[in-house]
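Below is entry_7.cif, which holds mmCIF, C-alpha atoms.
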data_model
#
loop_
_atom_site.label_atom_id
_atom_site.label_comp_id
_atom_site.auth_asym_id
_atom_site.auth_seq_id
_atom_site.Cartn_x
_atom_site.Cartn_y
_atom_site.Cartn_z
CA MET A 72 0.00 0.00 0.00
CA GLU A 73 1.24 3.49 -0.84
CA ASN A 74 0.38 4.95 2.54
CA GLU A 75 2.04 2.19 4.50
CA VAL A 76 5.62 1.38 5.31
CA THR A 77 7.13 -1.81 6.67
CA LEU A 78 9.53 -1.22 9.55
CA LEU A 79 12.12 -3.42 11.20
CA PHE A 80 12.51 -2.47 14.87
CA PHE A 81 15.71 -2.76 16.83
CA ASN A 82 17.19 -1.38 20.02
CA ILE A 83 20.70 -0.16 20.75
CA MET A 84 21.75 1.02 24.21
CA GLY A 85 18.11 1.30 25.26
CA ILE A 86 17.11 3.54 22.34
CA ASP A 87 14.47 2.21 19.95
CA PHE A 88 15.11 2.53 16.23
CA ALA A 89 13.37 1.30 13.09
CA LEU A 90 14.10 1.31 9.39
CA ASP A 91 12.13 0.72 6.23
CA VAL A 92 12.80 -2.84 5.05
CA GLU A 93 12.40 -1.89 1.38
CA SER A 94 16.16 -1.81 0.83
CA VAL A 95 16.95 -4.71 3.19
CA THR A 96 17.59 -7.94 1.30
CA ALA A 97 18.74 -10.17 4.17
CA MET A 98 19.55 -10.37 7.86
CA VAL A 99 22.64 -12.42 8.62
CA SER A 100 24.83 -13.15 11.61
CA VAL A 101 27.83 -10.91 12.21
CA GLU A 102 30.01 -14.02 12.38
CA SER A 103 29.14 -14.82 8.77
CA LEU A 104 30.88 -11.59 7.73
CA ALA A 105 34.16 -12.52 9.43
CA ASN A 106 36.02 -12.86 6.14
CA GLN A 107 34.54 -9.70 4.66
CA LYS A 108 37.10 -6.87 4.69
CA SER A 109 34.89 -3.93 3.70
CA GLY A 110 31.30 -2.88 3.25
CA ILE A 111 30.38 -3.31 6.92
CA VAL A 112 29.01 -0.39 8.93
CA TRP A 113 28.33 -0.68 12.65
CA PHE A 114 25.29 1.45 13.48
CA HIS A 115 27.09 3.54 16.13
CA GLU A 116 29.71 4.61 13.58
CA LYS A 117 27.07 6.75 11.86
CA ILE A 118 25.13 7.90 14.92
CA ASP A 119 26.64 9.78 17.87
CA PHE A 120 25.25 7.99 20.90
CA PRO A 121 24.85 9.97 24.12
CA GLN A 122 26.50 7.16 26.09
CA THR A 123 29.78 5.53 25.21
CA PRO A 124 31.06 2.93 24.76
CA VAL A 125 28.23 1.51 22.71
CA VAL A 126 27.71 -2.14 23.62
CA TYR A 127 25.87 -4.60 21.35
CA ASP A 128 24.02 -7.45 23.10
CA CYS A 129 22.75 -9.45 20.16
CA PRO A 130 24.12 -7.93 16.94
CA LYS A 131 22.80 -8.83 13.50
CA ALA A 132 23.82 -7.54 10.08
CA LEU A 133 21.31 -6.24 7.56
CA ARG A 134 22.25 -6.46 3.90
CA ILE A 135 21.22 -3.12 2.41
CA MET A 136 21.01 -2.75 -1.35
CA ILE A 137 20.45 0.24 -3.61
CA GLY A 138 20.69 -0.54 -7.28
CA LYS A 139 23.82 -2.66 -7.63
CA LYS A 140 25.52 -1.27 -4.53
CA GLN A 141 25.25 -3.04 -1.19
CA PHE A 142 26.66 -2.96 2.33
CA HIS A 143 26.01 -4.60 5.67
CA LEU A 144 24.63 -2.54 8.52
CA VAL A 145 25.18 -4.04 11.96
CA ILE A 146 22.31 -3.37 14.37
CA ASP A 147 21.37 -4.80 17.76
CA ASN A 148 18.38 -6.67 19.20
CA PRO A 149 16.25 -6.74 16.04
CA ARG A 150 12.66 -7.89 16.40
CA ASN A 151 11.92 -11.08 14.51
CA MET A 152 9.13 -9.73 12.34
CA PRO A 153 8.86 -6.39 10.51
CA VAL A 154 5.68 -4.42 11.20
CA VAL A 155 3.49 -2.60 8.67
CA ILE A 156 2.47 0.87 9.82
CA SER A 157 0.49 3.72 8.31
CA ILE A 158 2.61 6.71 7.28
CA ASP A 159 0.04 8.93 9.00
CA THR A 160 1.36 7.71 12.34
CA ILE A 161 4.90 8.95 11.62
CA LYS A 162 5.73 12.25 13.35
CA PRO A 163 8.36 14.84 12.47
CA PHE A 164 11.06 15.86 14.92
CA PRO A 165 10.34 19.08 16.84
CA VAL A 166 12.22 22.17 15.63
CA LEU A 167 14.92 22.20 18.31
CA VAL A 168 15.80 18.57 17.57
CA ASP A 169 15.36 18.70 13.81
CA GLN A 170 18.19 21.19 13.37
CA PHE A 171 20.58 18.50 14.66
CA SER A 172 18.94 15.32 13.39
CA ALA A 173 18.77 16.74 9.85
CA SER A 174 22.47 16.01 9.43
CA THR A 175 22.12 12.45 10.74
CA PRO A 176 20.43 9.33 9.33
CA LEU A 177 17.49 9.98 11.71
CA TRP A 178 14.47 11.45 9.95
CA ALA A 179 11.29 11.03 11.99
CA VAL A 180 9.62 9.48 15.03
CA TYR A 181 7.13 6.64 15.34
CA PRO A 182 5.17 6.55 18.62
CA LEU A 183 4.77 2.92 19.67
CA LYS A 184 2.61 2.56 22.76
CA ASP A 185 4.50 4.43 25.48
CA ARG A 186 7.80 4.49 23.58
CA LEU A 187 9.18 6.68 20.81
CA VAL A 188 10.97 4.92 17.98
CA LEU A 189 13.53 6.88 15.96
CA LEU A 190 13.28 6.19 12.24
CA VAL A 191 16.55 5.71 10.38
CA ASP A 192 17.28 6.09 6.69
CA PRO A 193 19.78 3.27 5.99
CA LEU A 194 20.58 4.64 2.53
CA THR A 195 22.44 7.55 4.15
CA MET A 196 24.67 5.10 6.00
CA PHE A 197 26.61 3.75 3.04
CA PRO A 198 30.29 3.33 3.89
CA MET B 146 21.25 44.21 -7.89
CA SER B 147 18.81 46.63 -9.56
CA GLU B 148 17.61 49.77 -7.80
CA ILE B 149 14.16 48.23 -7.30
CA GLU B 150 15.67 45.10 -5.76
CA ALA B 151 17.95 47.20 -3.53
CA ASP B 152 14.96 49.24 -2.40
CA GLN B 153 12.96 46.07 -1.63
CA SER B 154 15.89 44.65 0.28
CA LYS B 155 16.23 47.85 2.33
CA ARG B 156 12.49 47.84 3.08
CA GLN B 157 12.72 44.23 4.23
CA LEU B 158 15.60 45.11 6.56
CA ILE B 159 13.56 47.95 8.05
CA LEU B 160 10.50 45.71 8.47
CA ASP B 161 12.63 43.03 10.14
CA ALA B 162 14.06 45.62 12.54
CA VAL B 163 10.56 46.93 13.36
CA GLN B 164 9.36 43.37 13.99
CA ASP B 165 12.33 42.64 16.26
CA LYS B 166 11.63 45.79 18.25
CA ALA B 167 7.95 44.85 18.60
CA MET B 168 8.92 41.42 19.90
CA GLU B 169 11.32 42.94 22.42
CA ASN B 170 8.55 45.20 23.65
CA GLN B 171 6.27 42.22 24.13
CA GLU B 172 8.63 41.05 26.87
CA GLN B 173 8.24 44.38 28.71
CA ASP B 174 5.10 44.79 30.76
CA SER B 175 3.01 47.69 31.89
CA PRO B 176 4.12 48.58 35.48
CA ASP B 177 0.53 48.58 36.80
CA LYS B 178 -0.79 45.39 35.27
CA LYS B 179 -0.03 42.25 37.26
CA ILE B 180 1.66 39.40 35.48
CA GLU B 181 1.66 35.72 36.22
CA ILE B 182 4.89 33.89 36.78
CA VAL B 183 5.55 30.18 37.19
CA VAL B 184 8.11 29.68 39.95
CA PHE B 185 10.24 26.56 39.88
CA SER B 186 13.32 25.32 41.67
CA MET B 187 16.55 23.70 40.61
CA ALA B 188 19.56 22.90 42.79
CA GLN B 189 17.93 24.74 45.71
CA ARG B 190 17.68 27.93 43.69
CA TYR B 191 14.50 29.59 42.46
CA PHE B 192 13.65 30.58 38.91
CA ALA B 193 10.54 31.65 37.04
CA PHE B 194 9.09 32.00 33.58
CA LYS B 195 6.37 34.44 32.67
CA GLY B 196 3.06 32.59 32.70
CA ALA B 197 2.14 33.93 29.27
CA GLY B 198 4.72 31.63 27.67
CA ILE B 199 3.66 28.51 29.57
CA ARG B 200 1.27 26.15 27.83
CA GLU B 201 1.19 23.33 30.37
CA ILE B 202 2.95 21.84 33.34
CA LEU B 203 3.30 18.11 32.81
CA PRO B 204 4.27 15.38 35.24
CA TYR B 205 7.60 13.76 34.44
CA THR B 206 7.48 11.23 31.66
CA PRO B 207 10.43 9.18 30.36
CA ILE B 208 12.39 11.11 27.75
CA THR B 209 13.70 9.47 24.59
CA GLU B 210 17.25 10.56 23.88
CA VAL B 211 18.02 11.53 20.29
CA PRO B 212 21.60 10.78 19.24
CA GLY B 213 23.31 13.78 17.68
CA CYS B 214 21.64 16.39 19.87
CA PRO B 215 23.75 18.48 22.25
CA ARG B 216 23.46 17.92 26.01
CA THR B 217 21.25 21.00 26.28
CA ILE B 218 18.49 19.02 24.59
CA ARG B 219 17.58 16.06 26.74
CA GLY B 220 15.42 14.34 24.14
CA ILE B 221 11.80 14.05 23.02
CA ILE B 222 8.45 13.23 24.59
CA ASN B 223 5.00 12.45 23.26
CA VAL B 224 2.41 15.01 24.32
CA ARG B 225 -0.94 13.61 23.24
CA GLY B 226 0.39 12.57 19.86
CA ILE B 227 2.65 15.58 19.26
CA ILE B 228 6.39 15.06 19.61
CA GLU B 229 8.06 17.79 21.66
CA SER B 230 11.67 18.39 22.59
CA VAL B 231 12.82 18.64 26.21
CA VAL B 232 15.42 21.22 27.14
CA ASP B 233 17.97 20.40 29.81
CA LEU B 234 18.02 23.59 31.85
CA HIS B 235 20.65 22.19 34.21
CA THR B 236 23.18 22.02 31.41
CA LEU B 237 22.16 25.37 29.96
CA LEU B 238 22.45 27.16 33.30
CA GLU B 239 25.52 25.13 34.26
CA ILE B 240 24.02 23.94 37.53
CA GLU B 241 24.24 20.53 39.12
CA ASP B 242 21.87 17.92 37.75
CA THR B 243 19.75 15.91 40.17
CA PRO B 244 17.95 12.59 39.74
CA THR B 245 14.31 12.75 38.71
CA SER B 246 11.78 12.47 41.54
CA ASN B 247 8.02 12.61 41.97
CA ARG B 248 8.41 16.42 42.06
CA THR B 249 10.12 16.62 38.65
CA ARG B 250 8.02 18.45 36.09
CA LEU B 251 8.15 19.21 32.39
CA ILE B 252 7.11 22.77 31.63
CA LEU B 253 5.75 23.04 28.11
CA ALA B 254 6.68 26.53 27.02
CA GLN B 255 6.38 28.61 23.87
CA SER B 256 8.22 31.63 22.56
CA GLU B 257 7.36 32.82 19.08
CA GLU B 258 7.45 29.74 16.83
CA ILE B 259 9.29 27.46 19.24
CA LEU B 260 7.42 25.12 21.56
CA SER B 261 9.37 22.83 23.84
CA GLY B 262 9.34 21.05 27.15
CA ILE B 263 11.75 22.21 29.84
CA GLN B 264 12.64 19.82 32.64
CA VAL B 265 12.73 21.35 36.11
CA GLU B 266 13.18 19.81 39.54
CA SER B 267 9.96 21.14 40.97
CA VAL B 268 7.25 23.68 40.18
CA GLU B 269 6.69 25.64 43.35
CA ASP B 270 3.86 28.05 42.58
CA VAL B 271 2.10 30.20 40.04
CA LEU B 272 2.08 33.80 41.27
CA SER B 273 0.46 37.01 40.16
CA ILE B 274 2.87 39.88 40.79
CA GLU B 275 3.34 43.53 39.94
CA PRO B 276 6.05 43.93 37.31
CA ARG B 277 7.79 46.63 39.38
CA ARG B 278 8.81 43.92 41.86
CA ILE B 279 11.09 42.53 39.17
CA LYS B 280 14.43 44.31 39.40
CA THR B 281 17.58 44.21 37.37
CA VAL B 282 19.44 40.98 38.01
CA ILE B 283 21.94 41.01 40.85
CA SER B 284 25.56 41.23 39.76
CA THR B 285 26.58 38.13 41.71
CA LEU B 286 24.50 35.79 39.56
CA PRO B 287 26.55 33.19 37.68
CA ALA B 288 27.24 34.26 34.10
CA ALA B 289 25.35 31.27 32.67
CA THR B 290 22.22 32.35 34.56
CA LYS B 291 22.62 36.06 33.83
CA LYS B 292 22.77 35.27 30.13
CA TYR B 293 19.11 34.12 30.13
CA ALA B 294 17.75 36.39 32.88
CA LEU B 295 15.17 39.12 32.38
CA GLY B 296 15.34 40.24 35.98
CA GLY B 297 14.89 39.03 39.53
CA GLY B 298 13.64 39.80 42.99
CA GLU B 299 12.32 38.41 46.25
CA LEU B 300 9.21 37.09 44.62
CA TYR B 301 8.53 33.79 46.37
CA LYS B 302 8.55 33.26 50.15
CA GLU B 303 11.41 35.76 50.54
CA HIS B 304 13.54 33.74 48.16
CA TYR B 305 15.39 35.48 45.37
CA VAL B 306 13.82 34.34 42.09
CA VAL B 307 15.50 34.79 38.73
CA LEU B 308 13.01 35.47 35.95
CA LEU B 309 14.26 33.68 32.85
CA SER B 310 13.55 34.62 29.25
CA LEU B 311 12.12 31.82 27.11
CA LYS B 312 13.07 33.81 24.04
CA LYS B 313 16.74 34.00 25.08
CA ILE B 314 16.81 30.28 25.92
CA PHE B 315 15.22 29.12 22.68
CA THR B 316 17.26 31.56 20.59
CA GLU B 317 20.43 30.12 22.11
CA LEU B 318 19.28 26.57 21.38
CA LEU B 319 18.49 27.43 17.77
CA LYS B 320 22.08 28.40 17.06
#
Render the structure in this file as structure tokens.
Amino acid sequence: MENEVTLLFFNIMGIDFALDVESVTAMVSVESLANQKSGIVWFHEKIDFPQTPVVYDCPKALRIMIGKKQFHLVIDNPRNMPVVISIDTIKPFPVLVDQFSASTPLWAVYPLKDRLVLLVDPLTMFP
Amino acid sequence: MSEIEADQSKRQLILDAVQDKAMENQEQDSPDKKIEIVVFSMAQRYFAFKGAGIREILPYTPITEVPGCPRTIRGIINVRGIIESVVDLHTLLEIEDTPTSNRTRLILAQSEEILSGIQVESVEDVLSIEPRRIKTVISTLPAATKKYALGGGELYKEHYVVLLSLKKIFTELLK
């Protein structure tokens, strides 16, 4: 549906994130990338976390593809199943936050029950 | 630039200056008309905002941090379906942070186009006072407080209260 988007939710350091699965072609174990020398981006390398060091509990790698280009994005604690949501439920960042998030891969917020999920554009995270 | 364009540009500059002046004047009050202030405390010191800029006083709700934001912006909250930022006044005023408690409040405040939550340790009272009770800020105030102060005085239970400017705070955060 045009007015829906399918999101994969994950959580790093207690912060909820989600990304559109449209460009995700697979989710693989990080161990399976052991012999891969390049094309791997750990999520925290593109996002400045308030707390450091960033610790991953249960990392997984998403294979992201645009056209013929691909890379692996390592995230943490992904939910098993993506969720379809209406785009009407997506909220913009407030002005004071938007001025900073505009230069990051974060682009909007999805309220999920009593939590706020930060939406990430994986296409801006190419290595 | 043509003469017409230069003239239009000059007119715009004048209009902008007039608008700025009008906004400054909005922060000044008639000496006879009482104004409301919302008094709050942080680190055992007392502060206030003019009531006109306060939309709501909310109980504390967990704040979602947004990576990439400076420490002066604590994160975001959901206010009945609208996402609002939360300003960290402790960091801005360079005063000691304290853990949240059942007295912690989020003041939802507006100045011009900016609406944001501001976390404070406790809201003490909403007072109606005569503007003449607000004096020039005392010289011994810390520089970080003076920067955002409109004035001050013994406004609440004989405590010195610093009246803060929402406009100055939000303007600083928009830089």
Spatial neighbours of Lys292 of chain B, max dist 12 Å, all atoms listed in the file, sep filter under 3 positions, as a list in words: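 Contacts, with the query itself left out: Leu237, Leu238, Glu239, Val282, Ser284, Leu286, Pro287, Ala288, Ala289, Leu295, Gly296, Val307, Leu308, Leu309, Ser310, Leu311, Lys312, Lys313, Ile314, Thr316 and Glu317 of chain B.
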Distance of atom CA of Ile156 of chain A from atom CA of Arg134 of chain A, expressed in Å to one decimal place: 21.9 Å
Within 8 Å of chain A, which residues belong to chain B? Use only C-alpha atoms and report them as a compact mmCIF listing (two decimals) with C-alpha atoms, keeping the file's coordinate frame.
# COMPACT_ATOMS: atom_id res chain seq x y z
CA THR B 209 13.70 9.47 24.59
CA GLU B 210 17.25 10.56 23.88
CA VAL B 211 18.02 11.53 20.29
CA PRO B 212 21.60 10.78 19.24
CA GLY B 213 23.31 13.78 17.68
CA CYS B 214 21.64 16.39 19.87
CA ILE B 218 18.49 19.02 24.59
CA GLY B 220 15.42 14.34 24.14
CA ILE B 222 8.45 13.23 24.59
CA ASN B 223 5.00 12.45 23.26
CA GLY B 226 0.39 12.57 19.86
CA ILE B 227 2.65 15.58 19.26
CA ILE B 228 6.39 15.06 19.61
CA GLU B 229 8.06 17.79 21.66
CA SER B 230 11.67 18.39 22.59
CA ILE B 259 9.29 27.46 19.24
CA SER B 261 9.37 22.83 23.84
CA LEU B 318 19.28 26.57 21.38
CA LEU B 319 18.49 27.43 17.77
Counting all atoms listed in the file, the residue of B:Thr236, B:Gly198, B:Tyr301, B:Leu203 that sits nearest Glu257 of chain B: B:Gly198
Residues in the PyMOL selection byres ((chain B and resi 266-269) around 7), expressed as a PyMOL selection string: chain B and resi 184-187+248-250+264-265+270
Take segment 240-254 of chain B, model N, CA and C atoms, and hand the result over as an mmCIF file, keeping the file's coordinate frame.
data_model
loop_
_atom_site.group_PDB
_atom_site.id
_atom_site.type_symbol
_atom_site.label_atom_id
_atom_site.label_comp_id
_atom_site.auth_asym_id
_atom_site.auth_seq_id
_atom_site.Cartn_x
_atom_site.Cartn_y
_atom_site.Cartn_z
ATOM 1 N N ILE B 240 24.224 24.282 36.124
ATOM 2 C CA ILE B 240 24.020 23.940 37.530
ATOM 3 C C ILE B 240 23.907 22.422 37.655
ATOM 4 N N GLU B 241 24.144 21.972 38.868
ATOM 5 C CA GLU B 241 24.240 20.530 39.120
ATOM 6 C C GLU B 241 22.930 19.814 38.810
ATOM 7 N N ASP B 242 23.047 18.716 38.079
ATOM 8 C CA ASP B 242 21.870 17.920 37.750
ATOM 9 C C ASP B 242 21.486 17.070 38.963
ATOM 10 N N THR B 243 20.201 16.772 39.076
ATOM 11 C CA THR B 243 19.750 15.910 40.170
ATOM 12 C C THR B 243 18.875 14.810 39.586
ATOM 13 N N PRO B 244 18.789 13.679 40.261
ATOM 14 C CA PRO B 244 17.950 12.590 39.740
ATOM 15 C C PRO B 244 16.478 13.023 39.693
ATOM 16 N N THR B 245 15.729 12.419 38.788
ATOM 17 C CA THR B 245 14.310 12.750 38.710
ATOM 18 C C THR B 245 13.609 12.215 39.967
ATOM 19 N N SER B 246 12.546 12.900 40.362
ATOM 20 C CA SER B 246 11.780 12.470 41.540
ATOM 21 C C SER B 246 10.303 12.671 41.229
ATOM 22 N N ASN B 247 9.462 12.410 42.219
ATOM 23 C CA ASN B 247 8.020 12.610 41.970
ATOM 24 C C ASN B 247 7.664 14.099 41.914
ATOM 25 N N ARG B 248 8.647 14.973 42.182
ATOM 26 C CA ARG B 248 8.410 16.420 42.060
ATOM 27 C C ARG B 248 8.892 16.976 40.715
ATOM 28 N N THR B 249 9.609 16.161 39.952
ATOM 29 C CA THR B 249 10.120 16.620 38.650
ATOM 30 C C THR B 249 8.952 16.942 37.719
ATOM 31 N N ARG B 250 9.071 18.043 37.021
ATOM 32 C CA ARG B 250 8.020 18.450 36.090
ATOM 33 C C ARG B 250 8.616 18.837 34.743
ATOM 34 N N LEU B 251 7.777 18.732 33.718
ATOM 35 C CA LEU B 251 8.150 19.210 32.390
ATOM 36 C C LEU B 251 7.258 20.396 32.068
ATOM 37 N N ILE B 252 7.876 21.559 31.954
ATOM 38 C CA ILE B 252 7.110 22.770 31.630
ATOM 39 C C ILE B 252 7.082 22.896 30.114
ATOM 40 N N LEU B 253 5.874 22.888 29.564
ATOM 41 C CA LEU B 253 5.750 23.040 28.110
ATOM 42 C C LEU B 253 5.606 24.531 27.819
ATOM 43 N N ALA B 254 6.616 25.076 27.175
ATOM 44 C CA ALA B 254 6.680 26.530 27.020
ATOM 45 C C ALA B 254 6.810 26.923 25.550
#
